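query31.cif (mmCIF, C-alpha atoms; chains and numbers go by the auth columns)
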data_input
loop_
_atom_site.group_PDB
_atom_site.id
_atom_site.type_symbol
_atom_site.label_atom_id
_atom_site.label_comp_id
_atom_site.label_asym_id
_atom_site.label_seq_id
_atom_site.Cartn_x
_atom_site.Cartn_y
_atom_site.Cartn_z
_atom_site.B_iso_or_equiv
_atom_site.auth_seq_id
_atom_site.auth_asym_id
ATOM 1 C CA MET A 1 -15.975 -12.299 15.374 0.00 1 S
ATOM 2 C CA LYS A 2 -17.805 -14.602 12.978 0.00 2 S
ATOM 3 C CA ARG A 3 -20.267 -12.084 11.590 0.00 3 S
ATOM 4 C CA TYR A 4 -20.499 -12.310 7.812 0.00 4 S
ATOM 5 C CA PHE A 5 -21.972 -9.448 5.797 0.00 5 S
ATOM 6 C CA PRO A 6 -24.557 -10.467 3.176 0.00 6 S
ATOM 7 C CA PHE A 7 -24.112 -8.953 -0.276 0.00 7 S
ATOM 8 C CA VAL A 8 -26.708 -9.061 -3.022 0.00 8 S
ATOM 9 C CA THR A 9 -25.619 -10.528 -6.351 0.00 9 S
ATOM 10 C CA TYR A 10 -27.265 -9.834 -9.707 0.00 10 S
ATOM 11 C CA GLY A 11 -27.065 -12.430 -12.469 0.00 11 S
ATOM 12 C CA ASN A 12 -23.549 -13.647 -11.666 0.00 12 S
ATOM 13 C CA PRO A 13 -23.199 -15.047 -8.132 0.00 13 S
ATOM 14 C CA ASP A 14 -19.417 -14.476 -8.266 0.00 14 S
ATOM 15 C CA ILE A 15 -19.590 -10.684 -8.719 0.00 15 S
ATOM 16 C CA SER A 16 -21.563 -8.103 -6.788 0.00 16 S
ATOM 17 C CA ILE A 17 -21.560 -4.369 -7.495 0.00 17 S
ATOM 18 C CA ASN A 18 -23.065 -2.183 -4.795 0.00 18 S
ATOM 19 C CA TYR A 19 -23.403 1.589 -4.586 0.00 19 S
ATOM 20 C CA TYR A 20 -23.511 3.157 -1.139 0.00 20 S
ATOM 21 C CA THR A 21 -24.546 6.737 -0.474 0.00 21 S
ATOM 22 C CA GLY A 22 -25.100 8.213 2.952 0.00 22 S
ATOM 23 C CA VAL A 23 -25.042 4.814 4.600 0.00 23 S
ATOM 24 C CA PRO A 24 -24.932 4.705 8.410 0.00 24 S
ATOM 25 C CA PRO A 25 -21.748 3.186 9.864 0.00 25 S
ATOM 26 C CA THR A 26 -21.317 -0.522 9.209 0.00 26 S
ATOM 27 C CA LYS A 27 -20.540 -2.679 12.227 0.00 27 S
ATOM 28 C CA PRO A 28 -17.362 -4.778 12.201 0.00 28 S
ATOM 29 C CA HIS A 29 -17.901 -7.788 9.981 0.00 29 S
ATOM 30 C CA MET A 30 -16.164 -10.180 7.604 0.00 30 S
ATOM 31 C CA HIS A 31 -16.980 -12.106 4.472 0.00 31 S
ATOM 32 C CA ASP A 32 -15.763 -15.193 2.676 0.00 32 S
ATOM 33 C CA PHE A 33 -14.722 -13.379 -0.521 0.00 33 S
ATOM 34 C CA HIS A 34 -12.360 -10.638 -1.679 0.00 34 S
ATOM 35 C CA GLU A 35 -13.811 -7.126 -1.580 0.00 35 S
ATOM 36 C CA LEU A 36 -12.501 -4.476 -3.985 0.00 36 S
ATOM 37 C CA VAL A 37 -13.721 -0.946 -3.250 0.00 37 S
ATOM 38 C CA LEU A 38 -13.384 2.237 -5.312 0.00 38 S
ATOM 39 C CA ILE A 39 -14.354 5.554 -3.723 0.00 39 S
ATOM 40 C CA VAL A 40 -15.864 7.722 -6.467 0.00 40 S
ATOM 41 C CA LYS A 41 -17.507 10.525 -4.482 0.00 41 S
ATOM 42 C CA GLY A 42 -17.459 11.839 -0.932 0.00 42 S
ATOM 43 C CA SER A 43 -15.324 10.367 1.803 0.00 43 S
ATOM 44 C CA CYS A 44 -15.486 7.884 4.649 0.00 44 S
ATOM 45 C CA ARG A 45 -13.581 6.665 7.658 0.00 45 S
ATOM 46 C CA PHE A 46 -12.401 3.105 7.266 0.00 46 S
ATOM 47 C CA LEU A 47 -11.166 0.844 10.083 0.00 47 S
ATOM 48 C CA TYR A 48 -9.226 -2.240 9.038 0.00 48 S
ATOM 49 C CA GLN A 49 -7.071 -4.388 11.318 0.00 49 S
ATOM 50 C CA HIS A 50 -7.025 -1.685 14.025 0.00 50 S
ATOM 51 C CA THR A 51 -5.902 1.067 11.619 0.00 51 S
ATOM 52 C CA GLU A 52 -8.270 3.912 10.744 0.00 52 S
ATOM 53 C CA SER A 53 -7.950 5.778 7.423 0.00 53 S
ATOM 54 C CA VAL A 54 -9.922 8.491 5.667 0.00 54 S
ATOM 55 C CA LEU A 55 -10.787 7.459 2.117 0.00 55 S
ATOM 56 C CA ILE A 56 -11.449 9.999 -0.632 0.00 56 S
ATOM 57 C CA PRO A 57 -12.375 9.857 -4.336 0.00 57 S
ATOM 58 C CA GLY A 58 -9.827 7.861 -6.303 0.00 58 S
ATOM 59 C CA ASP A 59 -8.880 5.616 -3.372 0.00 59 S
ATOM 60 C CA VAL A 60 -9.062 1.876 -4.009 0.00 60 S
ATOM 61 C CA TYR A 61 -8.656 -0.875 -1.451 0.00 61 S
ATOM 62 C CA LEU A 62 -8.786 -4.649 -1.403 0.00 62 S
ATOM 63 C CA ILE A 63 -9.873 -6.689 1.603 0.00 63 S
ATOM 64 C CA GLU A 64 -9.032 -10.374 1.784 0.00 64 S
ATOM 65 C CA PRO A 65 -11.579 -12.953 2.994 0.00 65 S
ATOM 66 C CA HIS A 66 -12.113 -13.573 6.710 0.00 66 S
#
Translate this file's structure into structure tokens.
Amino acid sequence: MKRYFPFVTYGNPDISINYYTGVPPTKPHMHDFHELVLIVKGSCRFLYQHTESVLIPGDVYLIEPH
């Protein structure tokens, strides 16, 4: 799977902050940067390396590149 997910950057190309609300499921993908996620509201199902988790407010996770 060599499908990279494009993220929009604002001002600083090294940092991107994105807010997602009611987004349809994202297809499996990867990126060439670290991704740090904080769940602040709601919940989601998250599949990472064949393990599915339910994430709730207060959960934080870090995904390594590739």
Do you know which residues the PyMOL selection byres ((chain S and resi 57) around 6) returns on this file, as a list in words?
Ile39, Val40, Lys41, Ile56, Gly58 and Asp59 of chain S
Extending 5 Å beyond the listed atoms of range 42-54 of chain S on each side, what axis-aligned box results? I want centre and edge lengths in Å to one decimal, as JSON.
{"center_x": -11.7, "center_y": 3.7, "center_z": 6.5, "size_x": 21.6, "size_y": 26.2, "size_z": 25.0}
Pull out every residue that the PyMOL selection byres ((chain S and resi 32) around 8) matches in the shown coordinates and put them as a PyMOL selection string.
chain S and resi 4+30-31+33-34+65-66
Quick check on the file I pasted: which residues fall under the PyMOL selection byres ((chain S and resi 19-25) around 10)? Write them as JSON, numbers by chain.
{"S": [17, 18, 26, 27, 28, 39, 40, 41, 42, 44, 45, 46]}
In Å and to one decimal, CA of Glu35 in chain S is distant from CA of Ser53 in chain S by 16.8 Å
message: If we count only C-alpha atoms and set the cut-off at 9 Å, which residues sit around Val37 in chain S, ignoring sequence neighbours fewer than 3 positions away in its own chain? Please answer as JSON, numbers by chain.
response: {"S": [59, 60, 61, 62, 63]}
